[in-house]
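Asks: Sending over query_21.cif (mmCIF, C-alpha atoms).
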```cif
data_run
loop_
_atom_site.label_atom_id
_atom_site.label_comp_id
_atom_site.auth_asym_id
_atom_site.auth_seq_id
_atom_site.Cartn_x
_atom_site.Cartn_y
_atom_site.Cartn_z
CA MET A 18 -57.78 35.50 -72.97
CA SER A 19 -57.36 32.66 -70.47
CA ASP A 20 -58.60 33.01 -66.89
CA ASP A 21 -54.99 33.08 -65.66
CA SER A 22 -54.16 35.98 -67.98
CA ARG A 23 -57.40 37.76 -67.07
CA ALA A 24 -56.61 37.48 -63.38
CA ARG A 25 -53.07 38.82 -63.74
CA ALA A 26 -54.16 41.68 -65.99
CA ALA A 27 -57.00 42.59 -63.64
CA PHE A 28 -54.69 42.68 -60.62
CA LEU A 29 -52.13 44.86 -62.38
CA ARG A 30 -54.85 47.18 -63.68
CA ALA A 31 -56.29 47.63 -60.19
CA CYS A 32 -52.86 48.38 -58.74
CA ARG A 33 -52.11 50.91 -61.48
CA LEU A 34 -55.38 52.65 -60.74
CA ASP A 35 -54.38 52.82 -57.08
CA VAL A 36 -51.70 55.38 -57.96
CA GLN A 37 -53.22 56.82 -61.14
CA ALA A 38 -56.12 58.40 -59.26
CA ARG A 39 -55.44 61.10 -56.69
CA LYS A 40 -56.84 59.73 -53.43
CA PRO A 41 -56.12 62.30 -50.73
CA GLY A 42 -53.74 61.09 -48.07
CA ASN A 43 -52.47 58.25 -50.28
CA VAL A 44 -49.49 57.96 -52.60
CA SER A 45 -50.29 58.74 -56.24
CA LEU A 46 -48.53 59.68 -59.45
CA ALA A 47 -49.49 63.26 -58.63
CA SER A 48 -48.14 63.21 -55.10
CA PRO A 49 -45.77 61.00 -53.09
CA GLY A 50 -46.24 60.67 -49.37
CA HIS A 51 -45.40 58.87 -46.13
CA GLY A 52 -41.84 58.26 -47.38
CA MET A 53 -43.02 56.41 -50.50
CA ASP A 54 -43.71 57.18 -54.14
CA ALA A 55 -45.83 55.70 -56.92
CA ALA A 56 -42.89 53.90 -58.54
CA GLN A 57 -42.54 51.69 -55.46
CA PHE A 58 -46.23 50.76 -55.59
CA LEU A 59 -46.02 49.91 -59.28
CA ALA A 60 -42.85 47.86 -58.79
CA SER A 61 -44.38 45.89 -55.95
CA ALA A 62 -47.53 45.20 -57.97
CA THR A 63 -45.50 43.82 -60.86
CA ALA A 64 -43.43 41.73 -58.48
CA ALA A 65 -46.50 40.33 -56.69
CA ALA A 66 -48.61 39.58 -59.75
CA ASP A 67 -47.38 36.08 -60.52
CA ALA A 68 -47.53 34.95 -56.89
CA ILE A 69 -50.98 36.28 -56.11
CA THR A 70 -52.50 34.83 -59.30
CA ALA A 71 -50.70 31.47 -59.16
CA PRO A 72 -53.25 28.85 -60.34
CA GLY A 73 -54.40 26.46 -57.65
CA CYS A 74 -52.30 28.06 -54.94
CA PRO A 75 -53.81 28.29 -51.41
CA VAL A 76 -54.74 31.77 -50.22
CA GLY A 77 -52.09 31.89 -47.50
CA GLU A 78 -49.32 30.89 -49.88
CA ARG A 79 -50.45 33.57 -52.35
CA ILE A 80 -50.34 36.17 -49.60
CA GLU A 81 -46.92 35.21 -48.26
CA ALA A 82 -45.27 34.91 -51.67
CA ALA A 83 -46.80 38.15 -52.94
CA VAL A 84 -45.75 40.14 -49.86
CA ARG A 85 -42.23 38.68 -50.01
CA ALA A 86 -41.89 39.59 -53.70
CA SER A 87 -43.29 43.07 -53.05
CA TRP A 88 -40.89 43.71 -50.20
CA GLN A 89 -37.94 42.67 -52.33
CA ALA A 90 -39.06 45.02 -55.11
CA ALA A 91 -40.02 48.06 -53.05
CA GLY A 92 -38.06 47.74 -49.82
CA CYS A 93 -41.06 48.67 -47.69
CA ASN A 94 -44.70 47.77 -47.06
CA THR A 95 -46.62 49.10 -50.04
CA ASN A 96 -49.38 46.53 -50.45
CA LEU A 97 -50.05 44.21 -47.50
CA GLY A 98 -53.71 45.26 -47.29
CA ILE A 99 -54.11 44.99 -51.06
CA VAL A 100 -52.70 41.47 -51.03
CA LEU A 101 -54.86 40.39 -48.08
CA LEU A 102 -57.98 41.52 -49.95
CA CYS A 103 -57.08 40.43 -53.46
CA ALA A 104 -55.79 36.91 -52.73
CA PRO A 105 -59.20 35.46 -51.73
CA LEU A 106 -60.91 37.24 -54.65
CA LEU A 107 -58.45 35.78 -57.11
CA ALA A 108 -58.81 32.31 -55.62
CA ALA A 109 -62.59 32.66 -55.91
CA PHE A 110 -62.26 33.76 -59.53
CA GLU A 111 -60.63 30.40 -60.27
CA GLN A 112 -63.42 28.48 -58.52
CA ARG A 113 -66.49 30.31 -59.85
CA ASP A 114 -68.91 28.25 -61.92
CA ARG A 115 -70.09 31.10 -64.16
CA GLU A 116 -69.43 34.77 -64.90
CA GLY A 117 -70.73 37.70 -62.89
CA ALA A 118 -70.45 39.28 -59.46
CA ASP A 119 -73.03 37.01 -57.83
CA ALA A 120 -71.22 33.85 -58.89
CA LEU A 121 -67.89 35.27 -57.76
CA ARG A 122 -69.29 36.14 -54.36
CA VAL A 123 -70.67 32.62 -53.95
CA ALA A 124 -67.24 31.23 -54.80
CA LEU A 125 -65.63 33.72 -52.42
CA ALA A 126 -67.83 32.53 -49.55
CA SER A 127 -66.61 28.99 -50.21
CA VAL A 128 -62.98 30.13 -50.30
CA LEU A 129 -63.32 31.98 -47.00
CA GLN A 130 -65.06 29.06 -45.30
CA SER A 131 -62.30 26.67 -46.39
CA LEU A 132 -59.33 28.72 -45.13
CA THR A 133 -56.98 26.67 -42.96
CA VAL A 134 -54.47 27.00 -40.13
CA ASP A 135 -51.75 26.75 -42.77
CA ASP A 136 -53.28 29.78 -44.50
CA ALA A 137 -53.17 31.63 -41.19
CA ARG A 138 -49.54 30.69 -40.56
CA ALA A 139 -48.46 31.84 -44.01
CA THR A 140 -50.40 35.09 -43.61
CA TYR A 141 -48.88 35.76 -40.19
CA ARG A 142 -45.43 35.31 -41.70
CA ALA A 143 -46.38 37.80 -44.41
CA ILE A 144 -47.57 40.33 -41.84
CA ALA A 145 -44.36 39.92 -39.85
CA LEU A 146 -42.35 40.55 -43.01
CA ALA A 147 -44.38 43.61 -44.04
CA GLN A 148 -44.17 45.15 -40.55
CA PRO A 149 -47.28 47.34 -40.84
CA GLY A 150 -47.44 50.22 -38.41
CA GLY A 151 -49.87 50.58 -35.54
CA LEU A 152 -50.90 46.94 -35.09
CA GLY A 153 -50.31 46.83 -31.34
CA HIS A 154 -50.94 43.56 -29.53
CA ALA A 155 -53.99 41.29 -29.37
CA PRO A 156 -54.94 39.15 -26.37
CA ARG A 157 -55.64 36.15 -28.63
CA GLN A 158 -53.89 34.99 -31.82
CA ASP A 159 -51.51 37.97 -31.84
CA VAL A 160 -49.62 38.26 -35.12
CA ALA A 161 -46.34 37.98 -33.19
CA ASP A 162 -47.21 34.38 -32.25
CA PRO A 163 -47.85 31.33 -34.46
CA PRO A 164 -51.63 31.01 -35.00
CA THR A 165 -53.55 27.98 -33.84
CA VAL A 166 -56.81 28.72 -35.68
CA ASP A 167 -57.72 28.99 -39.36
CA LEU A 168 -57.25 32.29 -41.16
CA ARG A 169 -60.92 33.28 -41.19
CA SER A 170 -61.19 32.65 -37.44
CA ALA A 171 -58.05 34.71 -36.86
CA MET A 172 -59.49 37.52 -38.94
CA ALA A 173 -62.72 37.35 -36.95
CA LEU A 174 -60.76 38.15 -33.79
CA ALA A 175 -59.38 41.30 -35.44
CA ALA A 176 -62.53 42.35 -37.28
CA GLU A 177 -63.66 44.99 -34.78
CA ARG A 178 -60.40 46.92 -35.13
CA ASP A 179 -59.45 46.18 -38.74
CA ARG A 180 -61.77 46.68 -41.71
CA ILE A 181 -59.73 44.37 -43.91
CA ALA A 182 -60.12 41.56 -41.38
CA TRP A 183 -63.84 42.43 -41.24
CA GLN A 184 -64.19 41.57 -44.93
CA TYR A 185 -63.15 37.99 -44.23
CA THR A 186 -66.08 37.50 -41.85
CA HIS A 187 -68.67 39.42 -43.89
CA ALA A 188 -68.13 38.03 -47.40
CA PHE A 189 -66.39 41.25 -48.48
CA ALA A 190 -69.63 43.19 -48.01
CA ASP A 191 -67.96 46.60 -48.26
CA VAL A 192 -66.37 45.62 -51.56
CA PHE A 193 -69.48 44.14 -53.16
CA GLU A 194 -72.21 46.34 -51.66
CA LEU A 195 -70.63 49.77 -51.22
CA GLY A 196 -67.59 49.88 -53.45
CA LEU A 197 -68.61 48.01 -56.59
CA PRO A 198 -71.88 49.91 -57.25
CA ALA A 199 -70.08 53.24 -56.73
CA PHE A 200 -67.27 52.24 -59.08
CA LEU A 201 -69.52 50.94 -61.85
CA THR A 202 -71.90 53.91 -61.69
CA ALA A 203 -69.09 56.46 -61.76
CA HIS A 204 -67.35 54.62 -64.59
CA ALA A 205 -70.48 54.41 -66.73
CA THR A 206 -71.30 58.08 -66.09
CA ALA A 207 -67.81 59.18 -67.06
CA LEU A 208 -67.89 57.21 -70.30
CA ALA A 209 -71.36 58.54 -71.11
CA THR A 210 -70.12 62.12 -70.78
CA GLY A 211 -67.32 61.47 -73.24
CA GLU A 212 -64.34 60.75 -71.00
CA ALA A 213 -61.66 58.41 -72.34
CA LEU A 214 -61.44 54.95 -70.81
CA GLN A 215 -58.34 55.66 -68.76
CA ALA A 216 -59.85 58.86 -67.37
CA ALA A 217 -63.10 57.03 -66.58
CA ASP A 218 -61.12 54.37 -64.72
CA ALA A 219 -59.39 57.00 -62.60
CA ARG A 220 -62.63 58.88 -61.96
CA ALA A 221 -64.34 55.68 -60.80
CA MET A 222 -61.44 54.88 -58.48
CA GLN A 223 -61.49 58.36 -56.97
CA VAL A 224 -65.26 58.34 -56.45
CA THR A 225 -65.07 54.91 -54.80
CA PHE A 226 -62.33 56.09 -52.47
CA LEU A 227 -64.41 59.06 -51.35
CA GLU A 228 -67.39 56.78 -50.73
CA PHE A 229 -65.27 54.64 -48.42
CA VAL A 230 -63.41 57.40 -46.64
CA ALA A 231 -66.60 59.43 -46.04
CA ALA A 232 -68.61 56.43 -44.82
CA LEU A 233 -66.28 54.28 -42.70
CA PRO A 234 -63.72 55.18 -40.03
CA ASP A 235 -60.48 54.22 -41.74
CA SER A 236 -58.98 51.52 -39.56
CA HIS A 237 -55.41 52.46 -40.49
CA ILE A 238 -56.04 55.97 -39.16
CA VAL A 239 -57.84 54.58 -36.09
CA ARG A 240 -54.88 52.33 -35.23
CA LYS A 241 -52.29 55.09 -35.56
CA HIS A 242 -54.20 58.23 -34.52
CA GLY A 243 -57.39 57.18 -32.74
CA ALA A 244 -61.10 57.03 -33.47
CA ALA A 245 -61.67 60.76 -33.02
CA MET A 246 -59.20 61.61 -35.77
CA ALA A 247 -60.77 59.03 -38.07
CA GLN A 248 -64.14 60.70 -37.53
CA CYS A 249 -62.55 64.05 -38.33
CA VAL A 250 -61.36 62.71 -41.69
CA ILE A 251 -64.85 61.39 -42.40
CA GLY A 252 -66.18 64.90 -41.88
CA GLU A 253 -63.55 66.40 -44.17
CA ALA A 254 -64.33 63.85 -46.88
CA ALA A 255 -68.10 64.40 -46.87
CA GLN A 256 -68.09 67.55 -49.02
CA TRP A 257 -65.81 65.92 -51.58
CA ARG A 258 -68.00 62.83 -51.75
CA THR A 259 -71.00 65.06 -52.45
CA ARG A 260 -69.19 66.81 -55.26
CA ALA A 261 -67.87 63.53 -56.67
CA ARG A 262 -71.39 62.11 -56.75
CA ARG A 263 -72.41 65.11 -58.84
CA GLY A 264 -69.68 64.25 -61.32
CA GLU A 265 -67.54 67.31 -60.64
CA PRO A 266 -63.90 67.05 -61.82
CA LEU A 267 -62.17 67.31 -58.46
CA ASP A 268 -58.64 67.18 -59.83
CA SER A 269 -59.12 70.62 -61.38
CA ASP A 270 -59.84 72.15 -57.97
CA PRO A 271 -56.64 73.26 -56.19
CA ALA A 272 -58.41 72.74 -52.85
CA PHE A 273 -58.59 69.00 -53.51
CA ALA A 274 -54.82 68.81 -53.96
CA ARG A 275 -54.37 70.94 -50.83
CA TRP A 276 -56.49 68.50 -48.83
CA ASP A 277 -54.30 65.67 -50.12
CA GLU A 278 -51.13 67.43 -49.02
CA ASP A 279 -52.67 68.49 -45.70
CA LEU A 280 -53.56 64.92 -44.81
CA LYS A 281 -50.01 63.85 -45.58
CA ALA A 282 -48.58 66.74 -43.55
CA ARG A 283 -50.64 65.48 -40.60
CA ARG A 284 -49.42 61.92 -41.34
CA LEU A 285 -52.97 60.78 -41.93
CA ASN A 286 -53.14 57.94 -44.43
CA PRO A 287 -56.58 56.47 -45.24
CA GLY A 288 -54.77 53.33 -46.30
CA THR A 289 -57.55 50.88 -45.54
CA SER A 290 -59.92 52.84 -47.76
CA ALA A 291 -57.34 52.78 -50.54
CA ASP A 292 -56.83 49.02 -50.16
CA LEU A 293 -60.58 48.46 -50.39
CA CYS A 294 -60.60 50.51 -53.61
CA VAL A 295 -58.02 48.22 -55.18
CA ALA A 296 -60.16 45.22 -54.29
CA VAL A 297 -63.16 46.94 -55.88
CA ALA A 298 -61.22 47.75 -59.05
CA LEU A 299 -60.02 44.14 -59.21
CA LEU A 300 -63.57 42.87 -58.75
CA ALA A 301 -64.89 45.22 -61.44
CA ALA A 302 -62.30 43.92 -63.90
CA LEU A 303 -62.95 40.28 -63.03
CA VAL A 304 -66.70 40.56 -63.60
CA ALA A 305 -66.56 42.84 -66.65
#
```
Produce structure tokens that represent the structure in this file.
Replies:
Amino acid sequence: MSDDSRARAAFLRACRLDVQARKPGNVSLASPGHGMDAAQFLASATAAADAITAPGCPVGERIEAAVRASWQAAGCNTNLGIVLLCAPLLAAFEQRDREGADALRVALASVLQSLTVDDARATYRAIALAQPGGLGHAPRQDVADPPTVDLRSAMALAAERDRIAWQYTHAFADVFELGLPAFLTAHATALATGEALQAADARAMQVTFLEFVAALPDSHIVRKHGAAMAQCVIGEAAQWRTRARRGEPLDSDPAFARWDEDLKARRLNPGTSADLCVAVALLAALVA
């Protein structure tokens, strides 16, 4: 399989896993939420795939074209965070000089360092189109105004309040250092205990989500509901992370589904954690 085909297949696989696994508070095949359903997420992923994996395309152009295609397919913002995370990873995949996670991270560092003002302008247009909730206003380089700095510098200004922006200034540390080991360990354990590949994929995605949501204040929740509520969700997630680490099948516990529905009833969406999971799943597929 060519690198172009690998990249497209990896992106689509990661996006399918996003809704295949129940991730409490997020939309899944098992449970819609926040006015959206899994079909919209799958449609937007298919629509975005060609744009975000376009060979040789700058990161900003990938982001803008993918968000535009997604919006046309789904009619709402289903994947802005996913696109923001996956576009640099896919650009780095093209530029790597060998296989493996270490080589991809080296290439990613180069991609992030070389981001331009044009990348920032295209990304700002994508954000304006997606209209994500809870952004508020920033004193410098607000997304409502044309940027005058490169994309990485713009992300640095938002990094304290947005964990996706934080990845741009920290070489995607959460993805490589927290998410990827959790995903690979859970996946290998599931296969070793006899689970089918698709089930192992979903188990790994779910475990990775719980690692993120129990470890980091979800910045989407912080923006919309405040830091105290984000800490509350961390506390709620801790017991499920413990059980997931033990390999327990959480989907068979009705309390896990009730937590999912309760988060949605409270309009709490750990969307940043879910977006980070998609980036992890993409990375795992790219380095497999």
Asks: To one decimal place in Å, what is the distance between CA of Ala86 in chain A and CA of Ala62 in chain A?
Replies: 9.0 Å
Asks: Can you turn the PyMOL selection byres ((chain A and resi 23-34) around 7) into a concrete residue list for this file, as a ChimeraX atom specification?
Replies: /A:18-22,35-38,59,62-63,66,70,107,219,222,295,298-299,302-303
Asks: Expanded to explicit residues, what is the PyMOL selection byres ((chain A and resi 84) around 8) for this file, as a list in words?
Replies: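 Given this file, the PyMOL selection byres ((chain A and resi 84) around 8) evaluates to Ala65, Ile80, Glu81, Ala82, Ala83, Arg85, Ala86, Ser87, Trp88, Asn96, Leu97, Val100, Ala143, Leu146 and Ala147 of chain A.
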Asks: If you measure from CA of Lys281 in chain A to CA of Gly42 in chain A, what distance in Å do you get, rounded to one decimal?
Replies: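 Interatomic distance here is 5.3 Å.
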Asks: Run the PyMOL selection byres ((chain A and resi 249-251) around 8) on the file and write out the hits as a PyMOL selection string.
Replies: chain A and resi 230-234+245-248+252-255
Asks: Mind writing the picked residues with C-alpha atoms as a PDB file, in the frame of the given file?
Replies:
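Now in selection34.pdb:
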```pdb
ATOM      1  CA  VAL A 230     -63.410  57.400 -46.640  1.00  0.00           C
ATOM      2  CA  ALA A 231     -66.600  59.430 -46.040  1.00  0.00           C
ATOM      3  CA  ALA A 232     -68.610  56.430 -44.820  1.00  0.00           C
ATOM      4  CA  LEU A 233     -66.280  54.280 -42.700  1.00  0.00           C
ATOM      5  CA  PRO A 234     -63.720  55.180 -40.030  1.00  0.00           C
ATOM      6  CA  ALA A 245     -61.670  60.760 -33.020  1.00  0.00           C
ATOM      7  CA  MET A 246     -59.200  61.610 -35.770  1.00  0.00           C
ATOM      8  CA  ALA A 247     -60.770  59.030 -38.070  1.00  0.00           C
ATOM      9  CA  GLN A 248     -64.140  60.700 -37.530  1.00  0.00           C
ATOM     10  CA  GLY A 252     -66.180  64.900 -41.880  1.00  0.00           C
ATOM     11  CA  GLU A 253     -63.550  66.400 -44.170  1.00  0.00           C
ATOM     12  CA  ALA A 254     -64.330  63.850 -46.880  1.00  0.00           C
ATOM     13  CA  ALA A 255     -68.100  64.400 -46.870  1.00  0.00           C
TER      14      ALA A 255
END
```
Asks: Which residue gives the smallest distance to Arg220 in chain A among A:Asp167, A:Asp191, A:Asp268, A:Asp135, with all atoms listed in the file counted?
Replies: A:Asp268
Asks: Name the closest residue to Glu212 in chain A among the candidates A:Pro271, A:Gly264, A:Gly52, A:Pro164; distances are taken between atoms, counting all atoms listed in the file.
Replies: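 The shortest atom-to-atom distance to Glu212 in chain A comes from A:Gly264.
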Asks: If I take CA of Val304 in chain A and CA of Ile181 in chain A, how far is one from the other in Å, to one decimal?
Replies: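 Straight-line distance from CA of Val304 in chain A to CA of Ile181 in chain A works out to 21.2 Å.
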Asks: Quick one: of A:Ser170, A:Gln130, A:Thr289, A:Thr259, who's nearest to Ala109 in chain A, counting all atoms listed in the file?
Replies: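 Closest to Ala109 in chain A of all the choices is A:Gln130.
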Asks: Closest to Asp277 in chain A among A:Gln112, A:Trp257, A:Gln148, A:Thr186, using all atoms listed in the file?
Replies: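 Smallest distance to Asp277 in chain A is found for A:Trp257.
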Asks: So which one's closest to Asn94 in chain A, A:Ala203, A:Ala296, A:Ala175, A:Ile144? Using all atoms listed in the file, please.
Replies: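 Going through A:Ala203, A:Ala296, A:Ala175, A:Ile144 one by one, the smallest distance to Asn94 in chain A is for A:Ile144.
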Asks: Fewer than 6 positions away in the same chain doesn't count, so skip those; otherwise give me all residues within 9 Å of Thr140 in chain A, counting all atoms listed in the file, as an NGL selection string.
Replies: :A and (76-81 or 101 or 168)
Asks: Considering all atoms listed in the file, return as a CSV table (one decimal) with C-alpha atoms, keeping the file's coordinate frame whatever protein or nucleic-acid residues lie within 12 Å of Ser127 in chain A, sequence-local ones (same chain, fewer than 6 positions apart) excluded.
Replies:
```
chain,number,residue,atom,x,y,z
A,105,PRO,CA,-59.2,35.5,-51.7
A,106,LEU,CA,-60.9,37.2,-54.6
A,108,ALA,CA,-58.8,32.3,-55.6
A,109,ALA,CA,-62.6,32.7,-55.9
A,110,PHE,CA,-62.3,33.8,-59.5
A,111,GLU,CA,-60.6,30.4,-60.3
A,112,GLN,CA,-63.4,28.5,-58.5
A,113,ARG,CA,-66.5,30.3,-59.8
A,114,ASP,CA,-68.9,28.2,-61.9
A,120,ALA,CA,-71.2,33.8,-58.9
A,121,LEU,CA,-67.9,35.3,-57.8
A,169,ARG,CA,-60.9,33.3,-41.2
A,185,TYR,CA,-63.2,38.0,-44.2
A,186,THR,CA,-66.1,37.5,-41.8
A,188,ALA,CA,-68.1,38.0,-47.4
```
Asks: Point out the residue among A:Ala56, A:Ala68, A:Val297, A:Ala139 with the least atom-to-atom distance to Asp218 in chain A, counting only C-alpha atoms.
Replies: A:Val297
Asks: Quick one: everything within 10 Å of His51 in chain A, counting only C-alpha atoms, minus sequence neighbours fewer than 3 positions away in the same chain. Send it as a ChimeraX atom specification.
Replies: /A:42-44,54,281-282,284-286
Asks: Please write the residues from the selection above to a file, keeping C-alpha atoms, as a compact mmCIF listing (two decimals), keeping the file's coordinate frame.
Replies:
```txt
# COMPACT_ATOMS: atom_id res chain seq x y z
CA GLY A 42 -53.74 61.09 -48.07
CA ASN A 43 -52.47 58.25 -50.28
CA VAL A 44 -49.49 57.96 -52.60
CA ASP A 54 -43.71 57.18 -54.14
CA LYS A 281 -50.01 63.85 -45.58
CA ALA A 282 -48.58 66.74 -43.55
CA ARG A 284 -49.42 61.92 -41.34
CA LEU A 285 -52.97 60.78 -41.93
CA ASN A 286 -53.14 57.94 -44.43
```
Asks: Select, counting all atoms listed in the file, all protein, DNA and RNA residues no farther than 7 Å from (-62.7, 50.5, -49.4) in file coordinates, and express the selection as a list of chain:residue names.
Replies: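 Every residue inside that radius is included here: A:Asp191, A:Val192, A:Gly196, A:Phe226, A:Phe229, A:Thr289, A:Ser290, A:Ala291, A:Asp292, A:Leu293, A:Cys294.
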Asks: For Gly288 in chain A, find every residue with an atom within 8 Å (counting only C-alpha atoms), except residues of its own chain fewer than 5 positions away, and show them as an mmCIF file with C-alpha atoms, in the coordinates of the input.
Replies:
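Listed below is the output, selection.cif:
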```
data_model
loop_
_atom_site.group_PDB
_atom_site.id
_atom_site.type_symbol
_atom_site.label_atom_id
_atom_site.label_comp_id
_atom_site.auth_asym_id
_atom_site.auth_seq_id
_atom_site.Cartn_x
_atom_site.Cartn_y
_atom_site.Cartn_z
ATOM 1 C CA ASN A 43 -52.470 58.250 -50.280
ATOM 2 C CA ASP A 235 -60.480 54.220 -41.740
ATOM 3 C CA HIS A 237 -55.410 52.460 -40.490
ATOM 4 C CA ILE A 238 -56.040 55.970 -39.160
#
```
Asks: Got a sec to write range 131-138 of chain A of the block to a file, all heavy atoms, as a PDB file, in the first residue's frame?
Replies:
```pdb
ATOM      1  N   SER A 131       7.976  24.772  11.074  1.00  0.00           N
ATOM      2  CA  SER A 131       7.920  25.431   9.769  1.00  0.00           C
ATOM      3  C   SER A 131       6.543  25.992   9.433  1.00  0.00           C
ATOM      4  O   SER A 131       6.331  26.471   8.313  1.00  0.00           O
ATOM      5  CB  SER A 131       8.355  24.448   8.675  1.00  0.00           C
ATOM      6  OG  SER A 131       7.463  23.352   8.608  1.00  0.00           O
ATOM      7  N   LEU A 132       5.589  25.957  10.358  1.00  0.00           N
ATOM      8  CA  LEU A 132       4.270  26.522  10.110  1.00  0.00           C
ATOM      9  C   LEU A 132       4.365  28.031   9.856  1.00  0.00           C
ATOM     10  O   LEU A 132       5.193  28.720  10.451  1.00  0.00           O
ATOM     11  CB  LEU A 132       3.345  26.240  11.290  1.00  0.00           C
ATOM     12  CG  LEU A 132       2.988  24.768  11.502  1.00  0.00           C
ATOM     13  CD1 LEU A 132       2.229  24.587  12.811  1.00  0.00           C
ATOM     14  CD2 LEU A 132       2.178  24.216  10.336  1.00  0.00           C
ATOM     15  N   THR A 133       3.515  28.535   8.992  1.00  0.00           N
ATOM     16  CA  THR A 133       3.612  29.906   8.509  1.00  0.00           C
ATOM     17  C   THR A 133       2.394  30.744   8.900  1.00  0.00           C
ATOM     18  O   THR A 133       1.403  30.238   9.438  1.00  0.00           O
ATOM     19  CB  THR A 133       3.723  29.909   6.981  1.00  0.00           C
ATOM     20  OG1 THR A 133       2.475  29.422   6.431  1.00  0.00           O
ATOM     21  CG2 THR A 133       4.873  29.031   6.506  1.00  0.00           C
ATOM     22  N   VAL A 134       2.478  32.029   8.563  1.00  0.00           N
ATOM     23  CA  VAL A 134       1.323  32.920   8.740  1.00  0.00           C
ATOM     24  C   VAL A 134       0.184  32.469   7.835  1.00  0.00           C
ATOM     25  O   VAL A 134      -0.992  32.535   8.224  1.00  0.00           O
ATOM     26  CB  VAL A 134       1.718  34.382   8.455  1.00  0.00           C
ATOM     27  CG1 VAL A 134       0.488  35.289   8.538  1.00  0.00           C
ATOM     28  CG2 VAL A 134       2.772  34.857   9.440  1.00  0.00           C
ATOM     29  N   ASP A 135       0.509  32.001   6.633  1.00  0.00           N
ATOM     30  CA  ASP A 135      -0.542  31.494   5.751  1.00  0.00           C
ATOM     31  C   ASP A 135      -1.261  30.299   6.377  1.00  0.00           C
ATOM     32  O   ASP A 135      -2.481  30.156   6.236  1.00  0.00           O
ATOM     33  CB  ASP A 135       0.041  31.098   4.398  1.00  0.00           C
ATOM     34  CG  ASP A 135       0.375  32.306   3.531  1.00  0.00           C
ATOM     35  OD1 ASP A 135      -0.164  33.408   3.809  1.00  0.00           O
ATOM     36  OD2 ASP A 135       1.174  32.163   2.589  1.00  0.00           O
ATOM     37  N   ASP A 136      -0.511  29.434   7.059  1.00  0.00           N
ATOM     38  CA  ASP A 136      -1.150  28.322   7.770  1.00  0.00           C
ATOM     39  C   ASP A 136      -2.106  28.851   8.836  1.00  0.00           C
ATOM     40  O   ASP A 136      -3.205  28.313   9.025  1.00  0.00           O
ATOM     41  CB  ASP A 136      -0.090  27.435   8.432  1.00  0.00           C
ATOM     42  CG  ASP A 136       0.709  26.617   7.442  1.00  0.00           C
ATOM     43  OD1 ASP A 136       0.113  26.046   6.516  1.00  0.00           O
ATOM     44  OD2 ASP A 136       1.949  26.551   7.596  1.00  0.00           O
ATOM     45  N   ALA A 137      -1.680  29.882   9.541  1.00  0.00           N
ATOM     46  CA  ALA A 137      -2.526  30.468  10.584  1.00  0.00           C
ATOM     47  C   ALA A 137      -3.785  31.072   9.974  1.00  0.00           C
ATOM     48  O   ALA A 137      -4.901  30.895  10.499  1.00  0.00           O
ATOM     49  CB  ALA A 137      -1.750  31.520  11.358  1.00  0.00           C
ATOM     50  N   ARG A 138      -3.639  31.789   8.869  1.00  0.00           N
ATOM     51  CA  ARG A 138      -4.808  32.418   8.252  1.00  0.00           C
ATOM     52  C   ARG A 138      -5.817  31.371   7.785  1.00  0.00           C
ATOM     53  O   ARG A 138      -7.029  31.528   7.992  1.00  0.00           O
ATOM     54  CB  ARG A 138      -4.351  33.293   7.088  1.00  0.00           C
ATOM     55  CG  ARG A 138      -3.598  34.546   7.538  1.00  0.00           C
ATOM     56  CD  ARG A 138      -2.950  35.276   6.375  1.00  0.00           C
ATOM     57  NE  ARG A 138      -2.251  36.471   6.836  1.00  0.00           N
ATOM     58  CZ  ARG A 138      -1.312  37.099   6.132  1.00  0.00           C
ATOM     59  NH1 ARG A 138      -0.948  36.638   4.937  1.00  0.00           N
ATOM     60  NH2 ARG A 138      -0.734  38.182   6.629  1.00  0.00           N
TER      61      ARG A 138
END
```
